[in-house]
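Novice: One structure is given below, represented as structure tokens, and several questions about it will come after.
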Amino acid sequence: LVAIAGCLISGTFIHFAPDHPVVGPNWMLALATACVAHFAKQALQEQLQLAASDSLTGALNRRYLVTQLDTRRADFVRSQRMSSLVILDIDGLKALNDRFGHKAGDDALKAVVDVTNQRIRGSDSLFRVGGDEFALILEDAKSHDALTVSNDIRRLLREHLSDDRPQFSVSFGVCCVDESTSPDDWLERADEALYEAKQGGGDVARMAS
């Protein structure tokens with residue numbers, strides 16, 4: 001396709017088969033324009049994905065999370081569309097790094113992303129918020145739905161970790177958009193639920209109270 005686009009842009013005439021007429025310049029120009037627009041759009045999408053992504057895990061980054069919280073909160077105010085925010089945190093990542101090395105810690109972060117992506121839908125979004133903390137926005141989901149997803153991720157993660165790999169667990173804090181008063185409050189309430197989960201020993205999911 002790239003080669004064809006190059007021919008079209010340069011004005012080269014193309015014979016598709018001996019019994020077909022030569023393609024005219026006007027048609028070639030239109031096709032060339034469409035090809036250029038397609039490749040430009042594809043390149044822009046790739047650049048935006050790189051700018052919004054965490055380089056280690058491929059999850060979206062914190063800056064993009066902030067814009068999505070604003071968007072999902074606005075959707076709720078405008079049309080009562082529900083979304084839930086889940087904050088998840090690896091239990092004892094520092095101890096894992098100290099005992100097995102930073103590669104083991106990096107592998108744990110990647111495992112969380114891989115397992116989470118297996119469970120969530122294409123409309124949901126996963127973000128890396130900090131060192132060992134992630135955020136998950138589940139569209140069209142209330143707190144109990146998000147709690148189910150969180151516990152599914154916990155179960156899948158246990159199944160994913162074989163006996164020859166360092167073991168770890170993850171804690172979750174869940175808050176539905178209708179339980180918050182602003183994007184900042186939404187994030188804060190999910191953080192508080194996560195704190196309660198960690199204080200209880202971790203490896204559990206808690207809903208905002």
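Residues in the structure tokens are named by chain (A, B, ... in the order shown) and by number from 1 within that chain; ligands are numbered from 1 in the order shown.
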Sorted by chain and rising residue number, list the residues of segment 161-184 of chain A at most 10 Å from segment 53-72 of chain A (counting only C-alpha atoms), each with its closest atom pair and distance in Å to one decimal, as CSV.

Specialist:
```
residue,atom,partner,partner_atom,distance
A:Val177,CA,A:Arg72,CA,8.0
A:Ser182,CA,A:Asp70,CA,8.3
A:Pro183,CA,A:Leu69,CA,5.6
A:Asp184,CA,A:Leu69,CA,8.3
```

Novice: Convert the current residue selection to file output with N, CA, C and O atoms, as a PDB file, in the first residue's frame.

Specialist:
```pdb
ATOM      1  N   VAL A 177     -18.914   6.639  40.362  1.00  0.00           N
ATOM      2  CA  VAL A 177     -18.938   8.072  40.111  1.00  0.00           C
ATOM      3  C   VAL A 177     -20.077   8.761  40.854  1.00  0.00           C
ATOM      4  O   VAL A 177     -19.946   9.915  41.283  1.00  0.00           O
ATOM      5  N   SER A 182     -16.949  15.332  42.725  1.00  0.00           N
ATOM      6  CA  SER A 182     -16.073  15.936  41.719  1.00  0.00           C
ATOM      7  C   SER A 182     -15.046  14.888  41.299  1.00  0.00           C
ATOM      8  O   SER A 182     -14.891  13.858  41.970  1.00  0.00           O
ATOM      9  N   PRO A 183     -14.309  15.135  40.207  1.00  0.00           N
ATOM     10  CA  PRO A 183     -13.255  14.188  39.827  1.00  0.00           C
ATOM     11  C   PRO A 183     -12.227  13.985  40.930  1.00  0.00           C
ATOM     12  O   PRO A 183     -11.787  12.856  41.179  1.00  0.00           O
ATOM     13  N   ASP A 184     -11.825  15.069  41.599  1.00  0.00           N
ATOM     14  CA  ASP A 184     -10.847  14.948  42.681  1.00  0.00           C
ATOM     15  C   ASP A 184     -11.414  14.138  43.846  1.00  0.00           C
ATOM     16  O   ASP A 184     -10.704  13.305  44.437  1.00  0.00           O
TER      17      ASP A 184
END
```

Novice: Please identify which residues in segment 65-206 of chain A DSSP calls strand (DSSP E) from the backbone, and express them as a PyMOL selection string.

Specialist: chain A and resi 83-91+125-128+133-139+169-176+205-206

Novice: Taking only C-alpha atoms into account, name the residue in A:Gln199, A:Gln80, A:Asn117, A:Asn97 that is nearest to Leu157 of chain A.

Specialist: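 Of all the options, A:Asn117 lies closest to Leu157 of chain A.
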
Novice: For Asp89 of chain A, list every protein, DNA or RNA residue within 12 Å, evaluated using only C-alpha atoms, and leave out those in the same chain fewer than 5 positions away; present the list as a VMD selection string.

Specialist: chain A and resid 94 108 to 109 112 to 113 127 to 136 150 154 168 to 174 190 to 191 193 to 195 197 to 198 202 to 205

Novice: Rank nothing, just name the residue among A:Arg158, A:Lys142, A:Arg81, A:His102 nearest to Val115 of chain A, using only C-alpha atoms.

Specialist: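 Smallest separation from Val115 of chain A among the options: A:Arg158.
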
Novice: Go through A:Met82, A:Ile87, A:Ala104, A:Ile120 one by one, measure the shortest atom-to-atom distance of each to Gln167 of chain A using only C-alpha atoms, and give the residue with the smallest value.

Specialist: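 Selected residue with least distance to Gln167 of chain A: A:Ala104.
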
Novice: Could you pull out all residues of segment 60-208 of chain A with a DSSP call of helix (DSSP H, G or I) and give them as a ChimeraX atom specification?

Specialist: /A:62-79,93-100,102-119,143-160,177-179,183-199

Novice: Please measure the separation of atom CA of Ser83 of chain A and atom CA of Glu196 of chain A, giving the value in Å to one decimal.

Specialist: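 Computing it gives 21.4 Å between the two atoms.
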
Novice: So, counting only C-alpha atoms, which residue among A:Phe100, A:Leu161, A:Thr116, A:Leu85 is closest to Ala208 of chain A?

Specialist: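 So, comparing all the options, the nearest one is A:Leu85.
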
Novice: Taking only C-alpha atoms into account, name the residue in A:Leu96, A:Gly105, A:Ser209, A:Ala111 that is nearest to Glu159 of chain A.

Specialist: A:Ala111

Novice: Could you tell me which of A:Pro166, A:Asp145, A:Asp124, A:Gly201 comes closest to Leu93 of chain A if we count only C-alpha atoms?

Specialist: A:Pro166

Novice: To one decimal place in Å, what is the distance between atom CA of Asp163 of chain A and atom CA of Asp106 of chain A?

Specialist: 17.9 Å
